[in-house]
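Chemist: Handing over entry.pdb, PDB, C-alpha atoms.
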```pdb
ATOM      1  CA  MET A  32     122.762  93.250  27.198  1.00  0.00           C
ATOM      2  CA  ARG A  33     125.101  94.477  29.953  1.00  0.00           C
ATOM      3  CA  LEU A  34     127.389  91.848  31.407  1.00  0.00           C
ATOM      4  CA  SER A  35     127.769  91.651  35.162  1.00  0.00           C
ATOM      5  CA  ASP A  36     130.493  93.538  36.926  1.00  0.00           C
ATOM      6  CA  PRO A  37     133.193  91.230  38.317  1.00  0.00           C
ATOM      7  CA  LEU A  38     132.392  92.477  41.831  1.00  0.00           C
ATOM      8  CA  GLU A  39     128.777  91.396  41.438  1.00  0.00           C
ATOM      9  CA  MET A  40     129.484  87.833  40.266  1.00  0.00           C
ATOM     10  CA  THR A  41     128.026  84.693  41.738  1.00  0.00           C
ATOM     11  CA  PRO A  42     129.878  83.154  44.735  1.00  0.00           C
ATOM     12  CA  SER A  43     131.545  80.513  42.528  1.00  0.00           C
ATOM     13  CA  LEU A  44     133.057  83.223  40.345  1.00  0.00           C
ATOM     14  CA  GLN A  45     133.879  85.424  43.305  1.00  0.00           C
ATOM     15  CA  SER A  46     135.969  82.603  44.781  1.00  0.00           C
ATOM     16  CA  GLN A  47     138.128  82.700  41.660  1.00  0.00           C
ATOM     17  CA  SER A  48     138.289  86.483  41.366  1.00  0.00           C
ATOM     18  CA  CYS A  49     141.844  86.655  42.665  1.00  0.00           C
ATOM     19  CA  MET A  50     142.891  85.080  39.358  1.00  0.00           C
ATOM     20  CA  PHE A  51     142.377  88.529  37.856  1.00  0.00           C
ATOM     21  CA  SER A  52     145.601  89.630  39.534  1.00  0.00           C
ATOM     22  CA  PRO A  53     148.818  88.214  38.013  1.00  0.00           C
ATOM     23  CA  GLY A  54     150.385  87.824  41.445  1.00  0.00           C
ATOM     24  CA  CYS A  55     147.426  86.040  42.999  1.00  0.00           C
ATOM     25  CA  MET A  56     147.076  82.381  43.995  1.00  0.00           C
ATOM     26  CA  ALA A  57     143.764  80.738  43.082  1.00  0.00           C
ATOM     27  CA  PRO A  58     142.113  77.882  45.042  1.00  0.00           C
ATOM     28  CA  ALA A  59     141.406  74.654  43.171  1.00  0.00           C
ATOM     29  CA  ALA A  60     138.227  72.663  43.668  1.00  0.00           C
ATOM     30  CA  SER A  61     140.103  70.382  46.109  1.00  0.00           C
ATOM     31  CA  GLY A  62     141.034  73.358  48.238  1.00  0.00           C
ATOM     32  CA  GLU A  63     144.726  73.374  47.366  1.00  0.00           C
ATOM     33  CA  ILE A  64     146.338  76.578  46.207  1.00  0.00           C
ATOM     34  CA  ILE A  65     147.297  76.750  42.501  1.00  0.00           C
ATOM     35  CA  PRO A  66     150.154  79.116  41.604  1.00  0.00           C
ATOM     36  CA  ALA A  67     149.242  81.818  39.089  1.00  0.00           C
ATOM     37  CA  THR A  68     151.245  80.356  36.239  1.00  0.00           C
ATOM     38  CA  PRO A  69     151.359  82.052  32.807  1.00  0.00           C
ATOM     39  CA  ALA A  70     148.707  79.621  31.531  1.00  0.00           C
ATOM     40  CA  VAL A  71     146.431  80.412  34.464  1.00  0.00           C
ATOM     41  CA  ILE A  72     146.987  84.142  34.006  1.00  0.00           C
ATOM     42  CA  ARG A  73     146.130  83.931  30.282  1.00  0.00           C
ATOM     43  CA  ALA A  74     142.930  82.037  31.102  1.00  0.00           C
ATOM     44  CA  ALA A  75     142.012  84.627  33.707  1.00  0.00           C
ATOM     45  CA  GLN A  76     142.624  87.442  31.254  1.00  0.00           C
ATOM     46  CA  ARG A  77     140.287  85.800  28.735  1.00  0.00           C
ATOM     47  CA  VAL A  78     137.589  85.498  31.411  1.00  0.00           C
ATOM     48  CA  ARG A  79     138.159  89.089  32.467  1.00  0.00           C
ATOM     49  CA  GLY A  80     137.731  90.220  28.874  1.00  0.00           C
ATOM     50  CA  LEU A  81     134.401  88.434  28.634  1.00  0.00           C
ATOM     51  CA  LEU A  82     133.261  89.977  31.888  1.00  0.00           C
ATOM     52  CA  THR A  83     134.231  93.571  31.131  1.00  0.00           C
ATOM     53  CA  LEU A  84     133.606  93.918  27.392  1.00  0.00           C
ATOM     54  CA  LYS A  85     130.137  93.714  25.892  1.00  0.00           C
ATOM     55  CA  ASP A  86     129.045  93.767  22.331  1.00  0.00           C
ATOM     56  CA  PHE A  87     126.277  96.312  21.666  1.00  0.00           C
ATOM     57  CA  LEU A  88     124.716  98.973  23.881  1.00  0.00           C
ATOM     58  CA  ASP A  89     121.577  97.932  25.720  1.00  0.00           C
ATOM     59  CA  GLU A  90     118.179  99.585  25.336  1.00  0.00           C
ATOM     60  CA  ALA A  91     118.651 102.053  28.188  1.00  0.00           C
ATOM     61  CA  GLU A  92     122.056 103.114  26.895  1.00  0.00           C
ATOM     62  CA  VAL A  93     120.738 103.643  23.366  1.00  0.00           C
ATOM     63  CA  ALA A  94     117.951 105.798  24.814  1.00  0.00           C
ATOM     64  CA  ARG A  95     120.560 107.847  26.677  1.00  0.00           C
ATOM     65  CA  VAL A  96     122.627 108.297  23.504  1.00  0.00           C
ATOM     66  CA  GLU A  97     119.587 109.370  21.497  1.00  0.00           C
ATOM     67  CA  ALA A  98     118.575 111.885  24.167  1.00  0.00           C
ATOM     68  CA  VAL A  99     122.049 113.411  23.890  1.00  0.00           C
ATOM     69  CA  LEU A 100     121.848 113.541  20.086  1.00  0.00           C
ATOM     70  CA  VAL A 101     118.564 115.454  20.287  1.00  0.00           C
ATOM     71  CA  GLN A 102     119.934 117.779  22.970  1.00  0.00           C
ATOM     72  CA  CYS A 103     123.030 118.490  20.866  1.00  0.00           C
ATOM     73  CA  ALA A 104     120.981 119.143  17.713  1.00  0.00           C
ATOM     74  CA  ARG A 105     118.830 121.676  19.566  1.00  0.00           C
ATOM     75  CA  GLU A 106     121.810 123.367  21.194  1.00  0.00           C
ATOM     76  CA  ALA A 107     123.642 123.611  17.877  1.00  0.00           C
ATOM     77  CA  ASP A 108     120.615 125.054  16.100  1.00  0.00           C
ATOM     78  CA  PHE A 109     120.012 127.651  18.802  1.00  0.00           C
ATOM     79  CA  GLU A 110     123.627 128.672  19.355  1.00  0.00           C
ATOM     80  CA  VAL A 111     124.556 129.078  15.687  1.00  0.00           C
ATOM     81  CA  ASN A 112     121.393 131.091  14.984  1.00  0.00           C
ATOM     82  CA  GLU A 113     122.102 133.299  18.001  1.00  0.00           C
ATOM     83  CA  ARG A 114     125.693 133.854  16.931  1.00  0.00           C
ATOM     84  CA  GLU A 115     124.993 134.512  13.254  1.00  0.00           C
ATOM     85  CA  TYR A 116     121.783 136.511  13.752  1.00  0.00           C
ATOM     86  CA  PRO A 117     122.016 138.197  17.179  1.00  0.00           C
ATOM     87  CA  ARG A 118     119.199 140.630  16.411  1.00  0.00           C
ATOM     88  CA  GLU A 119     116.759 138.478  14.462  1.00  0.00           C
ATOM     89  CA  ARG A 120     117.628 135.240  16.349  1.00  0.00           C
ATOM     90  CA  TYR A 121     117.133 133.174  13.189  1.00  0.00           C
ATOM     91  CA  PRO A 122     117.521 133.607   9.415  1.00  0.00           C
ATOM     92  CA  SER A 123     114.622 134.683   7.223  1.00  0.00           C
ATOM     93  CA  ASP A 124     113.494 132.510   4.324  1.00  0.00           C
ATOM     94  CA  ALA A 125     115.199 134.901   1.908  1.00  0.00           C
ATOM     95  CA  GLU A 126     118.422 134.607   3.903  1.00  0.00           C
ATOM     96  CA  CYS A 127     118.204 130.806   3.915  1.00  0.00           C
ATOM     97  CA  ASN A 128     117.855 130.755   0.130  1.00  0.00           C
ATOM     98  CA  ARG A 129     120.534 133.382  -0.527  1.00  0.00           C
ATOM     99  CA  GLU A 130     123.288 132.075  -2.788  1.00  0.00           C
ATOM    100  CA  VAL A 131     126.705 132.533  -1.217  1.00  0.00           C
ATOM    101  CA  GLY A 132     128.887 130.660  -3.702  1.00  0.00           C
ATOM    102  CA  ARG A 133     129.259 127.750  -6.091  1.00  0.00           C
ATOM    103  CA  ASP A 134     130.694 124.289  -5.562  1.00  0.00           C
ATOM    104  CA  ARG A 135     133.267 122.670  -7.840  1.00  0.00           C
ATOM    105  CA  ASN A 136     130.499 121.364 -10.085  1.00  0.00           C
ATOM    106  CA  GLY A 137     129.072 124.857 -10.473  1.00  0.00           C
ATOM    107  CA  ASP A 138     126.007 124.174  -8.350  1.00  0.00           C
ATOM    108  CA  PRO A 139     124.823 126.954  -6.013  1.00  0.00           C
ATOM    109  CA  ILE A 140     125.760 126.977  -2.330  1.00  0.00           C
ATOM    110  CA  THR A 141     123.076 128.612  -0.204  1.00  0.00           C
ATOM    111  CA  ARG A 142     123.273 130.235   3.175  1.00  0.00           C
ATOM    112  CA  ALA A 143     121.158 127.356   4.528  1.00  0.00           C
ATOM    113  CA  MET A 144     123.905 124.937   3.466  1.00  0.00           C
ATOM    114  CA  LYS A 145     126.571 126.996   5.206  1.00  0.00           C
ATOM    115  CA  LEU A 146     124.499 127.200   8.373  1.00  0.00           C
ATOM    116  CA  GLY A 147     123.957 123.441   8.226  1.00  0.00           C
ATOM    117  CA  ILE A 148     127.725 122.852   8.146  1.00  0.00           C
ATOM    118  CA  MET A 149     128.220 125.148  11.151  1.00  0.00           C
ATOM    119  CA  LYS A 150     125.447 123.413  13.091  1.00  0.00           C
ATOM    120  CA  HIS A 151     126.816 119.965  12.281  1.00  0.00           C
ATOM    121  CA  GLU A 152     130.220 120.936  13.658  1.00  0.00           C
ATOM    122  CA  ARG A 153     128.654 122.353  16.803  1.00  0.00           C
ATOM    123  CA  ALA A 154     126.507 119.219  17.259  1.00  0.00           C
ATOM    124  CA  PHE A 155     129.533 116.937  16.753  1.00  0.00           C
ATOM    125  CA  ALA A 156     131.493 118.801  19.430  1.00  0.00           C
ATOM    126  CA  CYS A 157     128.554 118.460  21.805  1.00  0.00           C
ATOM    127  CA  VAL A 158     128.201 114.721  21.147  1.00  0.00           C
ATOM    128  CA  GLU A 159     131.887 114.074  21.699  1.00  0.00           C
ATOM    129  CA  ARG A 160     131.798 116.055  24.932  1.00  0.00           C
ATOM    130  CA  GLU A 161     128.691 114.347  26.293  1.00  0.00           C
ATOM    131  CA  LEU A 162     129.291 110.770  25.139  1.00  0.00           C
ATOM    132  CA  GLY A 163     133.056 110.486  24.772  1.00  0.00           C
ATOM    133  CA  ARG A 164     133.762 109.396  28.319  1.00  0.00           C
ATOM    134  CA  ASP A 165     131.221 106.565  28.580  1.00  0.00           C
ATOM    135  CA  PHE A 166     130.652 105.459  24.986  1.00  0.00           C
ATOM    136  CA  SER A 167     133.870 106.190  23.108  1.00  0.00           C
ATOM    137  CA  GLU A 168     134.286 102.532  22.078  1.00  0.00           C
ATOM    138  CA  HIS A 169     130.701 102.284  20.838  1.00  0.00           C
ATOM    139  CA  PHE A 170     130.253 105.355  18.625  1.00  0.00           C
ATOM    140  CA  THR A 171     132.102 106.891  15.703  1.00  0.00           C
ATOM    141  CA  ARG A 172     131.684 110.297  14.109  1.00  0.00           C
ATOM    142  CA  GLU A 173     131.442 110.351  10.310  1.00  0.00           C
ATOM    143  CA  PRO A 174     132.893 106.927   9.490  1.00  0.00           C
ATOM    144  CA  ARG A 175     133.296 106.411   5.740  1.00  0.00           C
ATOM    145  CA  TYR A 176     132.114 103.128   4.212  1.00  0.00           C
ATOM    146  CA  GLY A 177     132.834 101.831   0.730  1.00  0.00           C
ATOM    147  CA  LYS A 178     131.985  98.589  -1.057  1.00  0.00           C
ATOM    148  CA  ASP A 179     134.680  95.936  -1.110  1.00  0.00           C
ATOM    149  CA  ALA A 180     134.733  94.635  -4.690  1.00  0.00           C
ATOM    150  CA  SER A 181     135.874  91.156  -3.656  1.00  0.00           C
ATOM    151  CA  THR A 182     133.191  90.566  -1.004  1.00  0.00           C
ATOM    152  CA  GLU A 183     130.427  92.992  -2.090  1.00  0.00           C
ATOM    153  CA  THR A 184     130.196  94.142   1.543  1.00  0.00           C
ATOM    154  CA  TYR A 185     130.737  97.647   2.931  1.00  0.00           C
ATOM    155  CA  VAL A 186     133.930  98.264   4.867  1.00  0.00           C
ATOM    156  CA  LEU A 187     135.673 101.312   6.303  1.00  0.00           C
ATOM    157  CA  THR A 188     137.525 103.214   3.594  1.00  0.00           C
ATOM    158  CA  GLU A 189     139.351 106.444   2.840  1.00  0.00           C
ATOM    159  CA  GLU A 190     138.040 106.557  -0.724  1.00  0.00           C
ATOM    160  CA  GLY A 191     135.497 109.302  -1.304  1.00  0.00           C
ATOM    161  CA  LEU A 192     133.889 108.206  -4.564  1.00  0.00           C
ATOM    162  CA  GLY A 193     130.660 106.290  -3.964  1.00  0.00           C
ATOM    163  CA  SER A 194     131.206 106.088  -0.225  1.00  0.00           C
ATOM    164  CA  LEU A 195     128.579 106.446   2.502  1.00  0.00           C
ATOM    165  CA  VAL A 196     129.227 108.731   5.491  1.00  0.00           C
ATOM    166  CA  PRO A 197     126.598 108.745   8.277  1.00  0.00           C
ATOM    167  CA  ASP A 198     126.998 111.474  10.880  1.00  0.00           C
ATOM    168  CA  ILE A 199     127.003 109.231  13.962  1.00  0.00           C
ATOM    169  CA  VAL A 200     127.210 105.438  14.136  1.00  0.00           C
ATOM    170  CA  LEU A 201     126.613 103.231  17.185  1.00  0.00           C
ATOM    171  CA  HIS A 202     128.369  99.930  16.740  1.00  0.00           C
ATOM    172  CA  LEU A 203     129.893  96.816  18.242  1.00  0.00           C
ATOM    173  CA  VAL A 204     132.612  97.646  20.721  1.00  0.00           C
ATOM    174  CA  ARG A 205     135.676  98.864  18.782  1.00  0.00           C
ATOM    175  CA  ASP A 206     134.216  97.712  15.452  1.00  0.00           C
ATOM    176  CA  ALA A 207     132.458 100.363  13.354  1.00  0.00           C
ATOM    177  CA  THR A 208     131.658  97.818  10.628  1.00  0.00           C
ATOM    178  CA  ARG A 209     129.174  96.075  12.942  1.00  0.00           C
ATOM    179  CA  ILE A 210     126.490  98.780  13.033  1.00  0.00           C
ATOM    180  CA  GLN A 211     123.791  98.904  15.694  1.00  0.00           C
ATOM    181  CA  PHE A 212     122.217 102.287  14.786  1.00  0.00           C
ATOM    182  CA  LEU A 213     123.174 105.169  12.525  1.00  0.00           C
ATOM    183  CA  TYR A 214     122.034 108.797  12.608  1.00  0.00           C
ATOM    184  CA  ASP A 215     122.129 111.884  10.392  1.00  0.00           C
ATOM    185  CA  PHE A 216     121.617 115.394  11.729  1.00  0.00           C
ATOM    186  CA  PHE A 217     119.311 117.636   9.704  1.00  0.00           C
ATOM    187  CA  PHE A 218     118.839 121.369  10.336  1.00  0.00           C
ATOM    188  CA  PRO A 219     115.873 122.854   8.413  1.00  0.00           C
ATOM    189  CA  CYS A 220     116.272 126.560   7.664  1.00  0.00           C
ATOM    190  CA  THR A 221     113.142 128.004   6.015  1.00  0.00           C
ATOM    191  CA  SER A 222     109.906 128.447   7.973  1.00  0.00           C
ATOM    192  CA  LYS A 223     108.192 125.793   5.843  1.00  0.00           C
ATOM    193  CA  SER A 224     110.905 123.200   6.356  1.00  0.00           C
ATOM    194  CA  LYS A 225     111.038 123.900  10.088  1.00  0.00           C
ATOM    195  CA  SER A 226     107.273 123.418  10.406  1.00  0.00           C
ATOM    196  CA  ASP A 227     107.469 120.123   8.495  1.00  0.00           C
ATOM    197  CA  PRO A 228     111.077 118.840   8.772  1.00  0.00           C
ATOM    198  CA  LEU A 229     110.323 115.462   7.209  1.00  0.00           C
ATOM    199  CA  GLY A 230     108.472 116.947   4.244  1.00  0.00           C
ATOM    200  CA  PRO A 231     105.203 115.732   2.719  1.00  0.00           C
ATOM    201  CA  GLY A 232     104.830 112.042   3.310  1.00  0.00           C
ATOM    202  CA  ARG A 233     108.213 111.918   5.074  1.00  0.00           C
ATOM    203  CA  GLN A 234     109.988 112.440   1.770  1.00  0.00           C
ATOM    204  CA  VAL A 235     112.988 114.164   3.355  1.00  0.00           C
ATOM    205  CA  LEU A 236     113.444 111.311   5.812  1.00  0.00           C
ATOM    206  CA  ILE A 237     113.280 108.703   3.068  1.00  0.00           C
ATOM    207  CA  LYS A 238     115.599 110.638   0.744  1.00  0.00           C
ATOM    208  CA  LYS A 239     118.257 111.147   3.397  1.00  0.00           C
ATOM    209  CA  LEU A 240     118.222 107.646   4.886  1.00  0.00           C
ATOM    210  CA  VAL A 241     117.476 105.282   2.007  1.00  0.00           C
ATOM    211  CA  LYS A 242     121.081 105.526   0.820  1.00  0.00           C
ATOM    212  CA  TYR A 243     122.196 103.814   4.029  1.00  0.00           C
ATOM    213  CA  GLY A 244     120.204 100.689   3.213  1.00  0.00           C
ATOM    214  CA  PRO A 245     123.373  98.651   2.529  1.00  0.00           C
ATOM    215  CA  LEU A 246     124.699  99.524   5.999  1.00  0.00           C
ATOM    216  CA  ALA A 247     121.750  98.979   8.320  1.00  0.00           C
ATOM    217  CA  LYS A 248     118.140  97.853   8.331  1.00  0.00           C
ATOM    218  CA  ARG A 249     115.435 100.495   8.080  1.00  0.00           C
ATOM    219  CA  GLN A 250     114.534 100.688  11.782  1.00  0.00           C
ATOM    220  CA  SER A 251     118.210 101.167  12.640  1.00  0.00           C
ATOM    221  CA  ARG A 252     118.500 104.383  10.596  1.00  0.00           C
ATOM    222  CA  ALA A 253     117.288 107.712  11.994  1.00  0.00           C
ATOM    223  CA  LEU A 254     117.225 111.434  11.289  1.00  0.00           C
ATOM    224  CA  VAL A 255     117.859 113.868  14.164  1.00  0.00           C
ATOM    225  CA  THR A 256     116.225 117.298  13.910  1.00  0.00           C
ATOM    226  CA  PRO A 257     115.914 120.100  16.495  1.00  0.00           C
ATOM    227  CA  GLN A 258     112.144 120.180  15.871  1.00  0.00           C
ATOM    228  CA  LEU A 259     111.186 116.490  16.037  1.00  0.00           C
ATOM    229  CA  GLY A 260     114.108 114.782  17.723  1.00  0.00           C
ATOM    230  CA  ILE A 261     114.623 111.191  16.516  1.00  0.00           C
ATOM    231  CA  SER A 262     112.640 110.207  13.394  1.00  0.00           C
ATOM    232  CA  ARG A 263     112.675 106.739  11.816  1.00  0.00           C
TER     233      ARG A 263
END
```
Can the structure in the file be given as structure tokens, please?
Modeler:
Amino acid sequence: MRLSDPLEMTPSLQSQSCMFSPGCMAPAASGEIIPATPAVIRAAQRVRGLLTLKDFLDEAEVARVEAVLVQCAREADFEVNEREYPRERYPSDAECNREVGRDRNGDPITRAMKLGIMKHERAFACVERELGRDFSEHFTREPRYGKDASTETYVLTEEGLGSLVPDIVLHLVRDATRIQFLYDFFFPCTSKSKSDPLGPGRQVLIKKLVKYGPLAKRQSRALVTPQLGISR
């Protein structure tokens, strides 16, 4: 819930608003003027913090963020396809499935995987451009969470083994461990996967999001696709 702006406070608070300036003198209830001592200034700063910082984004702000995520997914999908396939405009199924290398475990890397990496990077750049000014303290790109052995809770970590890395996390102001919503981008490549991005019975959605169960409740996890937008 959005807290009121200091300029829109009730008259009783407005009468004390000069306390927000270190050089200001504030009226007491009796009408006398109280000097802005260090103690008074510290109290005013605490009040100011409560008035200007809020915890989670409100419903309208979340809707705005999700609209941007969908817009960025669609832009990334279109722009990468246009750049990589200027004549065809999109890859064929054979191109999507074409093996272009092997990972360190010897498993095949397909062209679809490579395109997905390119589209993720393009979507991330779009999100940071569109949301960075207004929501920089409420969202984090690719935070890495690992289980703390002493508390059995998930905390931010630099360790890769067994960690969880959502694409975008909305969270408490300046605290990515207090998750409000988390999102993964998904860019289907083949004609079949594009026509049914979530797969039969939403299997793709479940497979990609169930791993985040320790981080957030089910309705707080979502997949973002160019075809369907936000899916929960």
Chemist: Could you expand the PyMOL selection byres ((chain A and resi 106) around 12) into the explicit residues it covers here, written as an MDAnalysis selection string?
Modeler: chainID A and resid 99:105 107:114 150:158 218 256:258
Chemist: Using the chain letters and numbers from this file, what does the PyMOL selection byres ((chain A and resi 261) around 10) select? Give the answer as a list of chain:residue names.
Modeler: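 That expression, the PyMOL selection byres ((chain A and resi 261) around 10), corresponds here to A:Glu97, A:Ala98, A:Leu100, A:Val101, A:Tyr214, A:Asp215, A:Phe216, A:Arg252, A:Ala253, A:Leu254, A:Val255, A:Thr256, A:Pro257, A:Gln258, A:Leu259, A:Gly260, A:Ser262, A:Arg263.
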Chemist: Could those selected residues go to a file with C-alpha atoms, as a compact mmCIF listing (two decimals), keeping the file's coordinate frame?
Modeler:
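Produced file part.txt, reproduced below:
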```txt
# COMPACT_ATOMS: atom_id res chain seq x y z
CA GLU A 97 119.59 109.37 21.50
CA ALA A 98 118.58 111.88 24.17
CA LEU A 100 121.85 113.54 20.09
CA VAL A 101 118.56 115.45 20.29
CA TYR A 214 122.03 108.80 12.61
CA ASP A 215 122.13 111.88 10.39
CA PHE A 216 121.62 115.39 11.73
CA ARG A 252 118.50 104.38 10.60
CA ALA A 253 117.29 107.71 11.99
CA LEU A 254 117.22 111.43 11.29
CA VAL A 255 117.86 113.87 14.16
CA THR A 256 116.22 117.30 13.91
CA PRO A 257 115.91 120.10 16.50
CA GLN A 258 112.14 120.18 15.87
CA LEU A 259 111.19 116.49 16.04
CA GLY A 260 114.11 114.78 17.72
CA SER A 262 112.64 110.21 13.39
CA ARG A 263 112.68 106.74 11.82
```
Chemist: So which one's closest to Val93 of chain A, A:Tyr176, A:Tyr185, A:Phe212, A:Tyr121? Using all atoms listed in the file, please.
Modeler: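 Of all the options, A:Phe212 lies closest to Val93 of chain A.
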Chemist: Just the number, please: distance in Å from atom CA of Lys242 of chain A to atom CA of His202 of chain A, one decimal.
Modeler: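 We find that atom CA of Lys242 of chain A and atom CA of His202 of chain A lie 18.4 Å from each other.
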Chemist: Could you state the separation of atom CA of Phe170 of chain A and atom CA of Val200 of chain A in Å, given to one decimal place?
Modeler: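 So the answer is 5.4 Å.
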Chemist: The PyMOL selection byres ((chain A and resi 190) around 12) - which residues does that actually catch in the file I just gave you? List them as a list in words.
Modeler: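 On the file shown, the PyMOL selection byres ((chain A and resi 190) around 12) covers Pro174, Arg175, Tyr176, Gly177, Lys178, Asp179, Val186, Leu187, Thr188, Glu189, Gly191, Leu192, Gly193, Ser194, Leu195 and Val196 of chain A.
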Chemist: In Å, rounded to a single decimal, give me how far atom CA of Gly147 of chain A is from atom CA of Ala125 of chain A.
Modeler: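 If I compute the distance from atom CA of Ala125 of chain A to atom CA of Gly147 of chain A, I get 15.7 Å.
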Chemist: For Arg172 of chain A, which of A:Leu203, A:Ala143, A:Val235, A:Leu213 is the closest residue, counting only C-alpha atoms?
Modeler: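 Among the listed residues, A:Leu213 lies closest to Arg172 of chain A.
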Chemist: Taking N, CA and C atoms as the atom set, what does segment 89-111 of chain A look like once completed, written as a PDB file, keeping the file's coordinate frame?
Modeler:
```pdb
ATOM      1  N   ASP A  89     122.912  98.428  25.399  1.00  0.00           N
ATOM      2  CA  ASP A  89     121.577  97.932  25.720  1.00  0.00           C
ATOM      3  C   ASP A  89     120.536  99.028  25.478  1.00  0.00           C
ATOM      4  N   GLU A  90     119.284  98.678  25.676  1.00  0.00           N
ATOM      5  CA  GLU A  90     118.179  99.585  25.336  1.00  0.00           C
ATOM      6  C   GLU A  90     118.261 100.901  26.098  1.00  0.00           C
ATOM      7  N   ALA A  91     118.574 100.827  27.379  1.00  0.00           N
ATOM      8  CA  ALA A  91     118.651 102.053  28.188  1.00  0.00           C
ATOM      9  C   ALA A  91     119.796 102.940  27.726  1.00  0.00           C
ATOM     10  N   GLU A  92     120.909 102.336  27.353  1.00  0.00           N
ATOM     11  CA  GLU A  92     122.056 103.114  26.895  1.00  0.00           C
ATOM     12  C   GLU A  92     121.780 103.766  25.544  1.00  0.00           C
ATOM     13  N   VAL A  93     121.106 103.057  24.654  1.00  0.00           N
ATOM     14  CA  VAL A  93     120.738 103.643  23.366  1.00  0.00           C
ATOM     15  C   VAL A  93     119.814 104.837  23.579  1.00  0.00           C
ATOM     16  N   ALA A  94     118.863 104.693  24.505  1.00  0.00           N
ATOM     17  CA  ALA A  94     117.951 105.798  24.814  1.00  0.00           C
ATOM     18  C   ALA A  94     118.728 107.012  25.331  1.00  0.00           C
ATOM     19  N   ARG A  95     119.732 106.753  26.152  1.00  0.00           N
ATOM     20  CA  ARG A  95     120.560 107.847  26.677  1.00  0.00           C
ATOM     21  C   ARG A  95     121.324 108.533  25.546  1.00  0.00           C
ATOM     22  N   VAL A  96     121.901 107.740  24.644  1.00  0.00           N
ATOM     23  CA  VAL A  96     122.627 108.297  23.504  1.00  0.00           C
ATOM     24  C   VAL A  96     121.697 109.141  22.639  1.00  0.00           C
ATOM     25  N   GLU A  97     120.515 108.633  22.364  1.00  0.00           N
ATOM     26  CA  GLU A  97     119.587 109.370  21.497  1.00  0.00           C
ATOM     27  C   GLU A  97     119.119 110.661  22.157  1.00  0.00           C
ATOM     28  N   ALA A  98     118.944 110.649  23.466  1.00  0.00           N
ATOM     29  CA  ALA A  98     118.575 111.885  24.167  1.00  0.00           C
ATOM     30  C   ALA A  98     119.678 112.934  24.012  1.00  0.00           C
ATOM     31  N   VAL A  99     120.928 112.491  24.064  1.00  0.00           N
ATOM     32  CA  VAL A  99     122.049 113.411  23.890  1.00  0.00           C
ATOM     33  C   VAL A  99     122.091 113.941  22.460  1.00  0.00           C
ATOM     34  N   LEU A 100     121.842 113.082  21.480  1.00  0.00           N
ATOM     35  CA  LEU A 100     121.848 113.541  20.086  1.00  0.00           C
ATOM     36  C   LEU A 100     120.802 114.634  19.862  1.00  0.00           C
ATOM     37  N   VAL A 101     119.617 114.447  20.427  1.00  0.00           N
ATOM     38  CA  VAL A 101     118.564 115.454  20.287  1.00  0.00           C
ATOM     39  C   VAL A 101     118.965 116.746  21.000  1.00  0.00           C
ATOM     40  N   GLN A 102     119.488 116.611  22.216  1.00  0.00           N
ATOM     41  CA  GLN A 102     119.934 117.779  22.970  1.00  0.00           C
ATOM     42  C   GLN A 102     120.999 118.552  22.187  1.00  0.00           C
ATOM     43  N   CYS A 103     121.943 117.838  21.601  1.00  0.00           N
ATOM     44  CA  CYS A 103     123.030 118.490  20.866  1.00  0.00           C
ATOM     45  C   CYS A 103     122.526 119.154  19.592  1.00  0.00           C
ATOM     46  N   ALA A 104     121.560 118.528  18.910  1.00  0.00           N
ATOM     47  CA  ALA A 104     120.981 119.143  17.713  1.00  0.00           C
ATOM     48  C   ALA A 104     120.294 120.456  18.070  1.00  0.00           C
ATOM     49  N   ARG A 105     119.554 120.462  19.155  1.00  0.00           N
ATOM     50  CA  ARG A 105     118.830 121.676  19.566  1.00  0.00           C
ATOM     51  C   ARG A 105     119.791 122.765  20.024  1.00  0.00           C
ATOM     52  N   GLU A 106     120.825 122.378  20.767  1.00  0.00           N
ATOM     53  CA  GLU A 106     121.810 123.367  21.194  1.00  0.00           C
ATOM     54  C   GLU A 106     122.536 123.975  19.998  1.00  0.00           C
ATOM     55  N   ALA A 107     122.918 123.122  19.053  1.00  0.00           N
ATOM     56  CA  ALA A 107     123.642 123.611  17.877  1.00  0.00           C
ATOM     57  C   ALA A 107     122.781 124.566  17.064  1.00  0.00           C
ATOM     58  N   ASP A 108     121.534 124.212  16.866  1.00  0.00           N
ATOM     59  CA  ASP A 108     120.615 125.054  16.100  1.00  0.00           C
ATOM     60  C   ASP A 108     120.457 126.418  16.764  1.00  0.00           C
ATOM     61  N   PHE A 109     120.227 126.409  18.064  1.00  0.00           N
ATOM     62  CA  PHE A 109     120.012 127.651  18.802  1.00  0.00           C
ATOM     63  C   PHE A 109     121.275 128.512  18.836  1.00  0.00           C
ATOM     64  N   GLU A 110     122.403 127.895  19.161  1.00  0.00           N
ATOM     65  CA  GLU A 110     123.627 128.672  19.355  1.00  0.00           C
ATOM     66  C   GLU A 110     124.153 129.275  18.050  1.00  0.00           C
ATOM     67  N   VAL A 111     124.085 128.530  16.968  1.00  0.00           N
ATOM     68  CA  VAL A 111     124.556 129.078  15.687  1.00  0.00           C
ATOM     69  C   VAL A 111     123.634 130.203  15.225  1.00  0.00           C
TER      70      VAL A 111
END
```
